[in-house]
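Structure first, then comments.
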Amino acid sequence: MAAMSTGRRRRTTDLVILGLTAGFALLWLLPILWVVVMSLKPNAELMRSTAGFVPLPFTLDNYINLMKMETVPRWLLHSLVVAVVMTALVLVVSSMAGYAFARLRFPFKKTLFLLVMAGLMVPEQSIFIPLHTMISGWGLHNTHFALIMPRVAVPIGVFLMTQFFRSIPKELEEAAEIDHASRLTVFLKIMLPLSVPALTTLGLFTFIFAWNDFLWPLVSATRADMYTVTVGLASIQSNFAFSEGLGSVMASAVFASLPIMLLFLIFQRFIVAGVAMNAGK
Amino acid sequence: MATPRTPARRKEALTALLFLAPFLVAYGILLVYPFFKGLWMSLHDWELAGNFREFVGVLNYEDLWADPIFWKAVGNTLLFVVMTVPSMTLLALLLALAVNGRGRLKGILRSIFFMSSVFSVSVVTLIWSMVLNADNGLLVPLFRWFGATPINFLGNATFAMPALTVTTLWWGVGLPMALFLAALSQIPPELYEAAELDHAGRLTTLFRITLPSIRNTLLLVLVLQIVGQFQIFGQPHLMTQGGPANRTKMLVQYIYETSFRDWQVGYASAMAFALFLLMLGFAMAQLWLGRREDA
Amino acid sequence: MRNLKTFRALALATLLATTASAGSAGAVDISLLRFFGECNTEYGTVTDISKANGECGIITVLTNKFNAENTLGAKVVTQTVEWGAYYDQLTATYSTGNIPDVAVMHASVMPNFSGRDLLTPLSGPLKELGIPSDDFVPAALKNATANGEIYALPFDLHALLFHVNMDLMKQANMANPDGSPMLPKSADELIAQGKKFKEATGKPFIASESQSAEGMMVRFFDTLMWQQGVDVVSADGKAASIDTPEGLNAAKLISAIYSEGLANPALDYPGSEQAFLNGEAGILLNGTWGVDNYDSQAKSGKAALKSYRVANVPQLFANQKVWADSHMWVIPKDENRSAEKTKAAEAFLKFLYDNNYEWSRTGHLSVRQSVLDSAAFKALPHRNEFAATATNATALPQVQNQRAVYNAMITDLNAMWLTGTEPQAALSAMQAGVERVLRRNR
């Protein structure tokens, strides 16, 4: 009897906590909801008042103007290209290096690995100035190359992949080695398929990092038609707000966030799973 | 263990080199070289535009030592870390505990709290600049309801920093929450079953079983947060411009302004090196603490 | 149609992945980098200049008009940058390689660029275009000149003004019989008047941008220093005279404006304009660029501000001086610019020069004597109310790193009301901050 009432009390508490959390989640969403609502109101109305969560008077003009100007779609495209290519390159480069460190024997391996790991200590902000000077010298600013390449050599990627490859049982490859498969075949046919979880995690985090990258694109992409979404939206925050109107700015923000939101909704289970894998180490 | 023949060894080393080459080339050219180039630049009066470069030895470092804004920026950055990291960790942990487990609603709640981390920094600052605006912000009707004058959070010496912290919490709590969720899911259920048999209370279970089980994740979150929040740039750059009166001027922002606003790339490189040393200090401290924990 | 165009642009951008160039029409595209805001929604297709109002509207329509009418087949492609980030962006183009063909530049900033050989000399081209340098008012020409060479086409002189709500002034018994506002003649009187105003109306006397971005009060501080015969930065750009008795007078006055509650320290730039237009303050401290806008707002009847007047910033000390700067157009130096582009850029400058009157409709002072003397200019609203500003206008000395100096001053001056720093402490900090910048001047 006593146990049952404890159980009921426990369940009630659970419900209360869940209710409170749900309430908090609504509060959490409120700013987003507000921004979406503002993006659906006419600019003139917003000059008068920004209050309220009902988009009345309703208009799609802000979004139509957005498409007309072509700038925001262009920024989106740059962000997508940069994020996709950067993610692909990071995955290739890191997994190859990780495989070498995890499985191959070569001289000075330990020293080299330490040298690479030392790179973990160098924050990107402490090298962005010389990088900027170098890429100026090559005349490559305002290109996708400049936005992507400085982000490809990430020691953390090598570290993650090395750790992961080391955790894969050696027997799996040894079977292949008896078949005289080449290292490349082993890597491509055995190691990579086994490391899909690790690759997913690394890929997702690289993608989100690329998408949110701000300081470097801010100084490298200075031409409005080469902006990424992050830099472009930053540039219009104060530029448009009082001349073009708040509604337009909000519509740009909403529109620019849609792809990453979609991506998140599709991949969210992988994110948690991927994190679980790495945290469990 | 068999001793491999030399040709095989050589072949393997060559293969390794091929596997390593893409990374090493990129690493050497785009990380190692710029690092040393930055050091070299910091010994110059080096201007962003034009061609002026003059070797000045350690003058930039002497200037740095005597520059009150630099120290203010360091202080502000540390203050921001101190304000953000514990609150972020605590919030992430509470949320993770609240939304951990099965159920459709919990899944939705997990998504909601994680979702805000996928927005660009400029979207986040845009949203929060609007929310906190004293003129037409989200909170203005609330203030008026109570008959109070709305607080201009971002322009207020007392509230500007907390406002940046709140913005950062909203933006960043998703990842640590996910880390905690992952750790929670790996606690063996038997531990909880045992606790239940003992009629252990909720809090007892939390402090006796849950927290000790996720100790490593807690450390990981703290380390990641400290490193991450130390590099804060977008929020103050876009929301407060370092104001009011430099109360929210952060180190990376000062580096950016010195180099790209005031053209003094050499001086900014000295600051960037100082940033590196600070982060190195943190890393060493963590390593040392980690060692002690293990011992 | 519209969707198709968007789709095509997307497809094009994909193809040109690494070197996406936005060029579409026009034989010669020239790039224009400027601030003044973006208002394409309102003026994107307008070419009738008489329809345009305000800085953003007028420059946008002038650009459209040039694109529509010029015979070179030239098309000006505008990139707008927000005021605060403008010079960062312009500077960056020299290293990122998309140097604009025409750019706007403040006179106070020009020495930074001309001193490093980053601008195209314009003495020769101006002569060829038939732009007589003797029609420029002397101050404007001086602004555009460095070491005997002209590096910029002056476009306006702009100065600090008192924008006045006369209804509120009358309510406070501070209007003269001729309709002009009663303005203070000393620092003490300003505070006394402000208190009187506040008592009578219950509103702050002054509205001004008071946050960390614009530095409106730095301009007022400079003004007060010149009125006492002191240059904040010496003409050779080596020394600062901020931490001085005169500086203390100026800082104490500004500090008192806030500590006596005569100005709301929470206002940012749009907030200060809004407060003035909503009839929440007697005087708006802002530049010439606002005149046209406030005038039309007051006339429209939609704003709480009904009776708008302009006044020179009053003389509070020995000399009648006021802070001023100048917008100018430059052709940034670019070794790779083609002759056609240079020619088109110069034609655009000539066009802007020819339409200098249109720009002065914003409230700015024209840089052409012939425009200033013209009946049309004199007939513009309120111009006679601040005629003296043209002669009182004082520019900063042409020294390097004015912008860094300005930024260093904003922070520590604003600290007086934002964080409660004492005037003397603020002065010491400003002096140290400015000296740190000047130390690197050559």
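The chains in the structure tokens are called A, B, ... from first to last as shown; in each chain the residues are counted from 1, and the ligands are counted from 1 in the order shown.
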
Residues of chain C that have any atom at most 6 Å from an atom of chain B: could you tabulate them with the shortest-distance atom pair and the distance in Å to one decimal, using only C-alpha atoms, ordered by chain and increasing number, as a tab-separated table?
residue	atom	partner	partner_atom	distance
C:Asp88	CA	B:Arg261	CA	5.1
C:Arg116	CA	B:Gly50	CA	5.6
C:Ser212	CA	B:Gly243	CA	5.2
C:Ala404	CA	B:Asp262	CA	5.8
C:Thr411	CA	B:Ala245	CA	4.7
C:Ala415	CA	B:Ala245	CA	4.8
C:Thr419	CA	B:Ala157	CA	5.8

Only C-alpha atoms, please: the residues just picked out, written as an mmCIF file, in the first residue's frame.
data_model
loop_
_atom_site.group_PDB
_atom_site.id
_atom_site.type_symbol
_atom_site.label_atom_id
_atom_site.label_comp_id
_atom_site.auth_asym_id
_atom_site.auth_seq_id
_atom_site.Cartn_x
_atom_site.Cartn_y
_atom_site.Cartn_z
ATOM 1 C CA ASP C 88 35.982 48.342 -41.947
ATOM 2 C CA ARG C 116 48.835 55.617 -47.742
ATOM 3 C CA SER C 212 27.962 53.284 -27.729
ATOM 4 C CA ALA C 404 40.357 55.462 -33.893
ATOM 5 C CA THR C 411 33.790 55.056 -24.933
ATOM 6 C CA ALA C 415 31.074 56.380 -19.505
ATOM 7 C CA THR C 419 28.525 54.039 -15.851
#

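The list of residues with at least one atom within 9 Å of Gly174 (chain B), based on only C-alpha atoms and without residues fewer than 6 positions apart in the same chain, reads Ala92, Arg110, Ser111, Ile112, Phe113, Phe114, Met115, Ser116, Ser117 and Val118 of chain B.
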
- Restricting to only C-alpha atoms, whichever of B:Val85, B:Ile209, B:Met41, B:Ala160 is closest to chain A is B:Met41

- Task: Just the residues within 12 Å of Leu114 (chain A), please, counting only C-alpha atoms, with nothing from its chain fewer than 6 positions along; format it as a list in words.
- Result: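 Close residues of Leu114 (chain A): Phe101, Phe108, Leu120, Met121, Pro155, Val158 and Phe159 of chain A.
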
- Message: Residues of chain A were defined as contacting chain B if any atom lay at most 7 Å from it, counting only C-alpha atoms; please report them as a ChimeraX atom specification.
- Response: /A:17-18,21-22,25,31,35,49-51,93-94,96-97,100,104-106,121-123,125-127,129-131,150,152-153,208,211-212,230,233-234,237,253,257,260,272,275-276,279-280

Emit the selected residues as a compact mmCIF listing (two decimals), in the first residue's frame, including N, CA and C atoms.
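Output below, filename out_23.txt:
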# COMPACT_ATOMS: atom_id res chain seq x y z
N ILE A 17 6.63 18.29 -13.12
CA ILE A 17 7.89 18.69 -13.74
C ILE A 17 7.74 18.81 -15.25
N LEU A 18 7.06 17.82 -15.80
CA LEU A 18 6.87 17.84 -17.26
C LEU A 18 6.07 19.06 -17.69
N THR A 21 8.22 22.11 -17.47
CA THR A 21 9.17 22.12 -18.58
C THR A 21 8.49 22.53 -19.88
N ALA A 22 7.26 22.02 -20.07
CA ALA A 22 6.54 22.37 -21.29
C ALA A 22 6.24 23.87 -21.31
N ALA A 25 9.30 25.58 -22.22
CA ALA A 25 9.57 25.43 -23.65
C ALA A 25 8.77 26.42 -24.48
N PRO A 31 10.26 33.99 -28.48
CA PRO A 31 10.98 34.93 -29.35
C PRO A 31 10.91 34.52 -30.83
N VAL A 35 9.16 36.65 -33.88
CA VAL A 35 9.88 37.06 -35.08
C VAL A 35 9.12 36.61 -36.33
N SER A 49 3.48 49.52 -34.03
CA SER A 49 3.58 48.64 -32.88
C SER A 49 4.12 47.28 -33.29
N THR A 50 4.97 46.74 -32.45
CA THR A 50 5.51 45.42 -32.74
C THR A 50 4.87 44.36 -31.85
N ALA A 51 3.96 44.79 -30.98
CA ALA A 51 3.40 43.87 -30.00
C ALA A 51 2.44 42.89 -30.64
N VAL A 93 39.57 14.27 -45.20
CA VAL A 93 40.91 14.53 -44.69
C VAL A 93 41.09 13.93 -43.30
N SER A 94 40.10 14.11 -42.42
CA SER A 94 40.23 13.62 -41.06
C SER A 94 40.23 12.10 -41.00
N MET A 96 41.09 9.96 -43.32
CA MET A 96 42.34 9.41 -43.86
C MET A 96 43.46 9.53 -42.85
N ALA A 97 43.61 10.74 -42.29
CA ALA A 97 44.68 10.94 -41.31
C ALA A 97 44.44 10.08 -40.08
N ALA A 100 45.54 6.53 -40.67
CA ALA A 100 47.00 6.39 -40.62
C ALA A 100 47.48 6.36 -39.18
N LEU A 104 48.34 2.45 -39.07
CA LEU A 104 49.57 2.23 -39.82
C LEU A 104 50.79 2.52 -38.95
N ARG A 105 51.89 1.79 -39.29
CA ARG A 105 53.12 2.04 -38.56
C ARG A 105 54.04 2.87 -39.44
N PHE A 106 54.55 3.92 -38.88
CA PHE A 106 55.52 4.73 -39.64
C PHE A 106 56.38 5.50 -38.64
N MET A 121 45.31 23.43 -29.42
CA MET A 121 45.49 24.55 -28.50
C MET A 121 45.40 25.90 -29.21
N VAL A 122 45.43 25.89 -30.53
CA VAL A 122 45.44 27.17 -31.25
C VAL A 122 44.01 27.56 -31.63
N PRO A 123 43.47 28.55 -30.94
CA PRO A 123 42.12 28.97 -31.31
C PRO A 123 42.14 29.69 -32.66
N GLN A 125 40.76 32.24 -33.62
CA GLN A 125 40.85 33.70 -33.54
C GLN A 125 42.29 34.17 -33.42
N SER A 126 43.19 33.27 -33.03
CA SER A 126 44.56 33.74 -32.89
C SER A 126 45.34 33.60 -34.19
N ILE A 127 44.73 33.01 -35.22
CA ILE A 127 45.45 32.95 -36.50
C ILE A 127 44.68 33.60 -37.64
N ILE A 129 44.18 36.68 -38.42
CA ILE A 129 44.83 37.84 -39.04
C ILE A 129 45.90 37.41 -40.06
N PRO A 130 46.87 36.58 -39.65
CA PRO A 130 47.84 36.14 -40.67
C PRO A 130 47.19 35.38 -41.83
N LEU A 131 46.15 34.60 -41.53
CA LEU A 131 45.44 33.90 -42.61
C LEU A 131 44.88 34.91 -43.60
N PRO A 150 40.62 27.29 -45.03
CA PRO A 150 41.23 27.45 -43.70
C PRO A 150 40.54 26.62 -42.63
N VAL A 152 39.62 23.37 -43.09
CA VAL A 152 39.68 21.95 -43.42
C VAL A 152 40.60 21.17 -42.48
N ALA A 153 41.68 21.82 -42.07
CA ALA A 153 42.63 21.13 -41.21
C ALA A 153 42.24 21.28 -39.75
N ILE A 208 27.29 22.38 -38.87
CA ILE A 208 26.73 23.46 -38.03
C ILE A 208 27.77 24.54 -37.80
N TRP A 211 28.06 26.57 -40.92
CA TRP A 211 26.87 27.39 -41.10
C TRP A 211 26.92 28.63 -40.20
N ASN A 212 27.43 28.44 -38.99
CA ASN A 212 27.44 29.54 -38.03
C ASN A 212 28.73 30.34 -38.02
N THR A 230 25.16 34.13 -42.53
CA THR A 230 25.47 34.72 -41.23
C THR A 230 25.98 36.16 -41.38
N LEU A 233 23.12 38.51 -42.94
CA LEU A 233 22.09 38.93 -41.98
C LEU A 233 22.66 39.94 -40.99
N ALA A 234 23.91 39.74 -40.60
CA ALA A 234 24.53 40.71 -39.71
C ALA A 234 24.57 42.07 -40.39
N GLN A 237 21.16 43.93 -40.37
CA GLN A 237 20.47 44.21 -39.11
C GLN A 237 20.29 45.69 -38.88
N ALA A 253 15.56 36.85 -41.81
CA ALA A 253 16.06 35.95 -40.77
C ALA A 253 15.32 34.62 -40.80
N SER A 257 16.85 30.91 -42.05
CA SER A 257 16.98 29.83 -41.06
C SER A 257 16.26 28.56 -41.47
N ILE A 260 18.42 25.21 -42.44
CA ILE A 260 19.12 24.58 -41.32
C ILE A 260 18.10 23.96 -40.36
N VAL A 272 21.68 13.30 -31.51
CA VAL A 272 21.70 12.77 -30.16
C VAL A 272 22.45 11.44 -30.12
N VAL A 275 26.18 12.14 -30.43
CA VAL A 275 26.72 12.67 -29.19
C VAL A 275 26.87 11.55 -28.18
N ALA A 276 25.88 10.68 -28.13
CA ALA A 276 25.91 9.57 -27.18
C ALA A 276 27.16 8.73 -27.40
N ALA A 279 30.22 10.72 -26.22
CA ALA A 279 30.26 10.96 -24.79
C ALA A 279 30.52 9.67 -24.04
N GLY A 280 30.16 8.55 -24.66
CA GLY A 280 30.28 7.28 -24.00
C GLY A 280 31.71 6.75 -23.95
